[in-house]
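Enquirer: Before we start, here is the structure in question, set down as structure tokens.
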Amino acid sequence: MSKIAQAFEKGKAFIPFVTAGDPDLETTKKLLPILQESGADLIEIGIPFSDPVAEGIVIQKADERALASGTTTDKIFDMVDSIKNEMKVPMVFMTYANVIFVYGIEKFAKRSKEIGISGVIIPDVPFEEKEEMDSVFSQYDLEVISLIAPTSHDRIQAIAAEAKGFVYCVSSLGVTGMRSTINKGVATMIEQVKATRDVPCAIGFGISTPEQAKEMAQISDGVIVGSAIVKLVETYGKNCMEPVADYVKSMKEAISEV
């Protein structure tokens, strides 16, 4: 069983997202072990990009701050490498195809493997075009996580049949960001995935409160939270450790009750 699949073995998984380098890489370096201690079962690390098409304003601004602070892909690799022995939970990179192409697919995969990364999420590579990336990443035992959205419809079964690690279920149309209501149609998507194959399904995009997390955990194997955490980092900057730790604990507690 892959390390990513193991993250879903102990009950509902809590998956936080942080933008690497926001406000600086030293802060991210301190934050990753704190996320782990506070209850994260798997951690998504965003590699900032100048044109993050799937992101809402909160993560767009985080990418801008990270890039302005001098964050590069190489520096992110070095930072993760420096704490890899502390990290027991799986870590995945979330970034855009352009970042990987510019770095070199093979070089990116090789370096990711060396620093203990378990997989990648590439939101702007559609299922039909993932083979170019997937063929290289799989050689390095890295899982390319598939996304399904409310618009996936007929493709859901095909995506589920080939999914690795877990299926990232996008709960709403549009970009990432905190929302007051979550699309209930996501339950139908998950049923379609499970009817095809028993692969873990985690819901992301829009979850920000313990109540929402609990509600989504009832119909899935895990919840993904990005913007709400990134907003705390934006608000508290280098002093974000405690607020983020408290928030993650409250979210993990909420889904543990399911």
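Following the order of the structure tokens, chains are lettered A, B, ..., residues in each are numbered from 1, and ligands are numbered from 1.
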Among segment 16-169 of chain A, which residues does DSSP mark as alpha helix (DSSP H) when it is run on the backbone? Keep the chain and numbering as in the structure and answer as a JSON list (two decimals) with C-alpha atoms, in the first residue's frame.
Expert:
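Result file follows (out16.json):
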```
[["chain", "number", "residue", "atom", "x", "y", "z"],
["A", 25, "LEU", "CA", 10.45, 29.63, 3.43],
["A", 26, "GLU", "CA", 11.66, 29.68, 7.04],
["A", 27, "THR", "CA", 8.03, 30.04, 8.18],
["A", 28, "THR", "CA", 6.92, 27.17, 5.93],
["A", 29, "LYS", "CA", 9.75, 25.03, 7.30],
["A", 30, "LYS", "CA", 8.48, 25.57, 10.87],
["A", 31, "LEU", "CA", 4.84, 25.14, 9.85],
["A", 32, "LEU", "CA", 5.06, 21.71, 8.19],
["A", 33, "PRO", "CA", 6.01, 19.77, 11.37],
["A", 34, "ILE", "CA", 3.37, 21.77, 13.30],
["A", 35, "LEU", "CA", 0.69, 20.70, 10.81],
["A", 36, "GLN", "CA", 1.78, 17.11, 11.38],
["A", 37, "GLU", "CA", 1.70, 17.44, 15.18],
["A", 57, "ILE", "CA", -7.77, 35.45, -4.42],
["A", 58, "VAL", "CA", -6.43, 34.18, -1.06],
["A", 59, "ILE", "CA", -4.02, 31.66, -2.59],
["A", 60, "GLN", "CA", -3.23, 33.93, -5.55],
["A", 61, "LYS", "CA", -2.00, 36.56, -3.08],
["A", 62, "ALA", "CA", -0.04, 33.92, -1.17],
["A", 63, "ASP", "CA", 1.69, 32.90, -4.40],
["A", 64, "GLU", "CA", 2.54, 36.54, -5.06],
["A", 65, "ARG", "CA", 3.98, 36.99, -1.55],
["A", 66, "ALA", "CA", 5.99, 33.78, -1.84],
["A", 67, "LEU", "CA", 7.45, 34.72, -5.20],
["A", 68, "ALA", "CA", 8.19, 38.25, -3.95],
["A", 73, "THR", "CA", 11.31, 25.54, -6.82],
["A", 74, "ASP", "CA", 14.89, 24.62, -5.93],
["A", 75, "LYS", "CA", 14.69, 26.46, -2.61],
["A", 76, "ILE", "CA", 11.42, 24.63, -1.81],
["A", 77, "PHE", "CA", 13.08, 21.29, -2.55],
["A", 78, "ASP", "CA", 15.97, 22.20, -0.24],
["A", 79, "MET", "CA", 13.60, 23.31, 2.53],
["A", 80, "VAL", "CA", 11.58, 20.07, 2.41],
["A", 81, "ASP", "CA", 14.81, 18.07, 2.25],
["A", 82, "SER", "CA", 16.00, 19.74, 5.47],
["A", 83, "ILE", "CA", 12.99, 18.47, 7.46],
["A", 97, "ALA", "CA", 2.18, 22.08, -15.37],
["A", 98, "ASN", "CA", 4.29, 25.07, -16.40],
["A", 99, "VAL", "CA", 6.34, 24.92, -13.18],
["A", 100, "ILE", "CA", 7.14, 21.23, -13.80],
["A", 101, "PHE", "CA", 7.85, 21.66, -17.54],
["A", 102, "VAL", "CA", 10.20, 24.57, -16.92],
["A", 103, "TYR", "CA", 12.06, 22.61, -14.22],
["A", 105, "ILE", "CA", 9.60, 16.63, -15.64],
["A", 106, "GLU", "CA", 12.22, 13.98, -14.91],
["A", 107, "LYS", "CA", 14.39, 16.30, -12.83],
["A", 108, "PHE", "CA", 11.31, 17.41, -10.84],
["A", 109, "ALA", "CA", 10.23, 13.80, -10.23],
["A", 110, "LYS", "CA", 13.72, 12.64, -9.24],
["A", 111, "ARG", "CA", 14.25, 15.50, -6.80],
["A", 112, "SER", "CA", 10.76, 15.08, -5.32],
["A", 113, "LYS", "CA", 11.46, 11.42, -4.63],
["A", 114, "GLU", "CA", 14.83, 12.23, -3.02],
["A", 131, "GLU", "CA", 0.11, 10.41, -19.37],
["A", 132, "GLU", "CA", 3.15, 12.55, -20.22],
["A", 133, "MET", "CA", 3.59, 13.45, -16.54],
["A", 134, "ASP", "CA", 2.31, 10.20, -15.07],
["A", 135, "SER", "CA", 4.66, 7.98, -17.05],
["A", 136, "VAL", "CA", 7.68, 9.82, -15.63],
["A", 137, "PHE", "CA", 6.42, 10.27, -12.06],
["A", 138, "SER", "CA", 5.44, 6.61, -11.77],
["A", 139, "GLN", "CA", 9.03, 5.61, -12.55],
["A", 156, "ILE", "CA", -15.71, 10.06, -13.48],
["A", 157, "GLN", "CA", -15.58, 6.29, -13.97],
["A", 158, "ALA", "CA", -12.60, 6.50, -16.34],
["A", 159, "ILE", "CA", -10.73, 8.77, -13.89],
["A", 160, "ALA", "CA", -11.59, 6.53, -10.92],
["A", 161, "ALA", "CA", -10.41, 3.41, -12.74],
["A", 162, "GLU", "CA", -6.90, 4.86, -13.11]]
```
Enquirer: Would you pick out the contacts of segment 192-204 of chain A at 10 Å or less, using only C-alpha atoms, so that residues sharing its chain but fewer than 4 positions from it are not included, and give the list as JSON, numbers by chain?
Expert: {"A": [4, 5, 6, 7, 8, 9, 12, 13, 14, 15, 16, 147, 148, 153, 154, 156, 157, 158, 159, 160, 161, 162, 163, 164, 165, 166, 167, 168, 169, 170, 171, 172, 176, 177, 182, 186, 187, 188, 208, 213, 216, 217, 219, 220, 221, 222, 223, 224, 225, 226]}
Enquirer: Could you dump the residues just selected with N, CA and C atoms as a compact mmCIF listing (two decimals), in the first residue's frame?
Expert:
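The result, stored in out_36.txt:
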```txt
# COMPACT_ATOMS: atom_id res chain seq x y z
N ILE A 4 0.48 7.34 0.60
CA ILE A 4 -0.70 8.20 0.51
C ILE A 4 -1.95 7.42 0.92
N ALA A 5 -2.08 6.20 0.42
CA ALA A 5 -3.24 5.37 0.78
C ALA A 5 -3.28 5.11 2.28
N GLN A 6 -2.12 4.96 2.89
CA GLN A 6 -2.04 4.72 4.35
C GLN A 6 -2.61 5.88 5.16
N ALA A 7 -2.57 7.08 4.60
CA ALA A 7 -3.08 8.27 5.31
C ALA A 7 -4.57 8.16 5.58
N PHE A 8 -5.25 7.29 4.82
CA PHE A 8 -6.70 7.14 4.97
C PHE A 8 -7.07 5.89 5.78
N GLU A 9 -6.06 5.21 6.29
CA GLU A 9 -6.30 3.94 6.99
C GLU A 9 -6.82 4.12 8.41
N LYS A 12 -11.04 9.18 9.08
CA LYS A 12 -11.14 10.32 8.16
C LYS A 12 -9.84 11.12 8.16
N ALA A 13 -9.35 11.42 6.97
CA ALA A 13 -8.06 12.12 6.85
C ALA A 13 -8.26 13.63 6.78
N PHE A 14 -7.41 14.35 7.52
CA PHE A 14 -7.41 15.81 7.39
C PHE A 14 -6.18 16.22 6.59
N ILE A 15 -6.42 16.98 5.51
CA ILE A 15 -5.36 17.33 4.58
C ILE A 15 -5.25 18.85 4.45
N PRO A 16 -4.29 19.46 5.16
CA PRO A 16 -4.11 20.91 5.03
C PRO A 16 -3.21 21.25 3.83
N LEU A 147 -8.07 14.70 -10.15
CA LEU A 147 -9.14 15.55 -9.65
C LEU A 147 -10.42 15.24 -10.42
N ILE A 148 -11.55 15.27 -9.69
CA ILE A 148 -12.85 15.22 -10.37
C ILE A 148 -13.67 16.42 -9.89
N HIS A 153 -18.79 14.43 -14.82
CA HIS A 153 -19.87 13.55 -15.30
C HIS A 153 -19.40 12.20 -15.85
N ASP A 154 -19.44 12.09 -17.19
CA ASP A 154 -19.16 10.81 -17.85
C ASP A 154 -17.72 10.34 -17.66
N ILE A 156 -16.02 10.45 -14.85
CA ILE A 156 -15.71 10.06 -13.48
C ILE A 156 -15.26 8.61 -13.38
N GLN A 157 -15.95 7.70 -14.07
CA GLN A 157 -15.58 6.29 -13.97
C GLN A 157 -14.20 6.03 -14.57
N ALA A 158 -13.92 6.68 -15.70
CA ALA A 158 -12.60 6.50 -16.34
C ALA A 158 -11.49 7.02 -15.43
N ILE A 159 -11.73 8.18 -14.80
CA ILE A 159 -10.73 8.77 -13.89
C ILE A 159 -10.54 7.86 -12.68
N ALA A 160 -11.66 7.39 -12.10
CA ALA A 160 -11.59 6.53 -10.92
C ALA A 160 -10.83 5.24 -11.20
N ALA A 161 -11.05 4.69 -12.38
CA ALA A 161 -10.41 3.41 -12.74
C ALA A 161 -8.89 3.50 -12.73
N GLU A 162 -8.37 4.70 -13.03
CA GLU A 162 -6.90 4.86 -13.11
C GLU A 162 -6.32 5.66 -11.95
N ALA A 163 -7.17 6.08 -11.02
CA ALA A 163 -6.72 6.98 -9.94
C ALA A 163 -5.65 6.33 -9.06
N LYS A 164 -4.72 7.16 -8.62
CA LYS A 164 -3.65 6.71 -7.72
C LYS A 164 -3.72 7.52 -6.43
N GLY A 165 -3.39 6.89 -5.33
CA GLY A 165 -3.34 7.58 -4.04
C GLY A 165 -4.72 7.87 -3.49
N PHE A 166 -5.31 8.96 -3.96
CA PHE A 166 -6.69 9.29 -3.62
C PHE A 166 -7.28 10.14 -4.74
N VAL A 167 -8.59 10.27 -4.75
CA VAL A 167 -9.24 11.13 -5.73
C VAL A 167 -9.57 12.46 -5.05
N TYR A 168 -9.12 13.54 -5.65
CA TYR A 168 -9.39 14.88 -5.14
C TYR A 168 -10.73 15.33 -5.71
N CYS A 169 -11.75 15.37 -4.86
CA CYS A 169 -13.09 15.74 -5.31
C CYS A 169 -13.31 17.24 -5.12
N VAL A 170 -13.42 17.95 -6.22
CA VAL A 170 -13.62 19.40 -6.18
C VAL A 170 -15.09 19.65 -5.89
N SER A 171 -15.36 20.31 -4.77
CA SER A 171 -16.74 20.41 -4.29
C SER A 171 -17.56 21.48 -5.00
N SER A 172 -16.90 22.33 -5.79
CA SER A 172 -17.65 23.41 -6.41
C SER A 172 -17.02 23.81 -7.72
N THR A 176 -10.55 27.96 -5.98
CA THR A 176 -10.50 27.68 -4.55
C THR A 176 -10.95 28.89 -3.76
N GLY A 177 -11.30 28.66 -2.51
CA GLY A 177 -11.72 29.78 -1.65
C GLY A 177 -12.74 29.31 -0.64
N ILE A 182 -21.55 24.38 0.62
CA ILE A 182 -20.79 23.45 -0.20
C ILE A 182 -21.77 22.67 -1.09
N VAL A 186 -21.54 16.70 -4.61
CA VAL A 186 -20.27 15.99 -4.44
C VAL A 186 -20.50 14.56 -3.94
N ALA A 187 -21.58 14.33 -3.20
CA ALA A 187 -21.89 12.98 -2.70
C ALA A 187 -22.13 12.02 -3.86
N THR A 188 -22.80 12.52 -4.88
CA THR A 188 -23.07 11.71 -6.08
C THR A 188 -21.77 11.37 -6.79
N SER A 208 -14.11 25.49 5.21
CA SER A 208 -13.37 26.38 6.12
C SER A 208 -13.76 26.25 7.58
N ALA A 213 -16.48 20.77 7.62
CA ALA A 213 -15.56 19.63 7.56
C ALA A 213 -16.26 18.35 8.00
N MET A 216 -18.75 17.20 5.33
CA MET A 216 -18.09 16.60 4.17
C MET A 216 -17.44 15.25 4.52
N ALA A 217 -16.97 15.12 5.75
CA ALA A 217 -16.35 13.86 6.19
C ALA A 217 -17.38 12.73 6.24
N ILE A 219 -19.52 12.08 4.03
CA ILE A 219 -19.72 11.48 2.70
C ILE A 219 -18.41 11.16 1.98
N SER A 220 -17.27 11.36 2.67
CA SER A 220 -15.98 11.14 2.00
C SER A 220 -14.99 10.47 2.96
N ASP A 221 -13.78 10.28 2.47
CA ASP A 221 -12.72 9.67 3.30
C ASP A 221 -11.80 10.71 3.91
N GLY A 222 -11.98 11.97 3.51
CA GLY A 222 -11.12 13.02 4.04
C GLY A 222 -11.49 14.39 3.52
N VAL A 223 -10.99 15.41 4.21
CA VAL A 223 -11.26 16.79 3.76
C VAL A 223 -9.95 17.54 3.57
N ILE A 224 -9.96 18.41 2.56
CA ILE A 224 -8.79 19.21 2.20
C ILE A 224 -9.12 20.67 2.48
N VAL A 225 -8.24 21.34 3.21
CA VAL A 225 -8.48 22.75 3.53
C VAL A 225 -7.25 23.57 3.16
N GLY A 226 -7.46 24.56 2.30
CA GLY A 226 -6.35 25.40 1.87
C GLY A 226 -6.54 26.86 2.22
```
Enquirer: Considering only strand (DSSP E) as DSSP defines it on the backbone, what residues of segment 33-84 of chain A qualify? List them as a ChimeraX atom specification.
Expert: /A:43-46
Enquirer: Taking only C-alpha atoms into account, which of A:Ala228, A:Phe205, A:Ser38, A:Asp124 comes nearest Glu242 of chain A?
Expert: A:Ser38
Enquirer: Which neighbours of Gly237 of chain A fall inside 9 Å, counting only C-alpha atoms, when residues of the same chain fewer than 2 positions from it are skipped, and could you give them as a PyMOL selection string?
Expert: chain A and resi 22-24+27+232-235+239-241
Enquirer: Choose the residue, out of A:Ile122, A:Thr71, A:Val18, A:Gly104, that has the smallest atom-to-atom separation from Pro52 of chain A; count only C-alpha atoms.
Expert: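 Nearest candidate to Pro52 of chain A out of A:Ile122, A:Thr71, A:Val18, A:Gly104: A:Ile122.
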Enquirer: What separation in Å, quoted to one decimal, exists between atom CA of Ala149 of chain A and atom CA of Gly56 of chain A?
Expert: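 Separation of atom CA of Ala149 of chain A and atom CA of Gly56 of chain A: 16.0 Å.
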Enquirer: Please compute the atom CA of Pro90 of chain A-atom CA of Ile145 of chain A distance, one decimal, in Å.
Expert: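 For atom CA of Pro90 of chain A relative to atom CA of Ile145 of chain A, the distance reads 13.0 Å.
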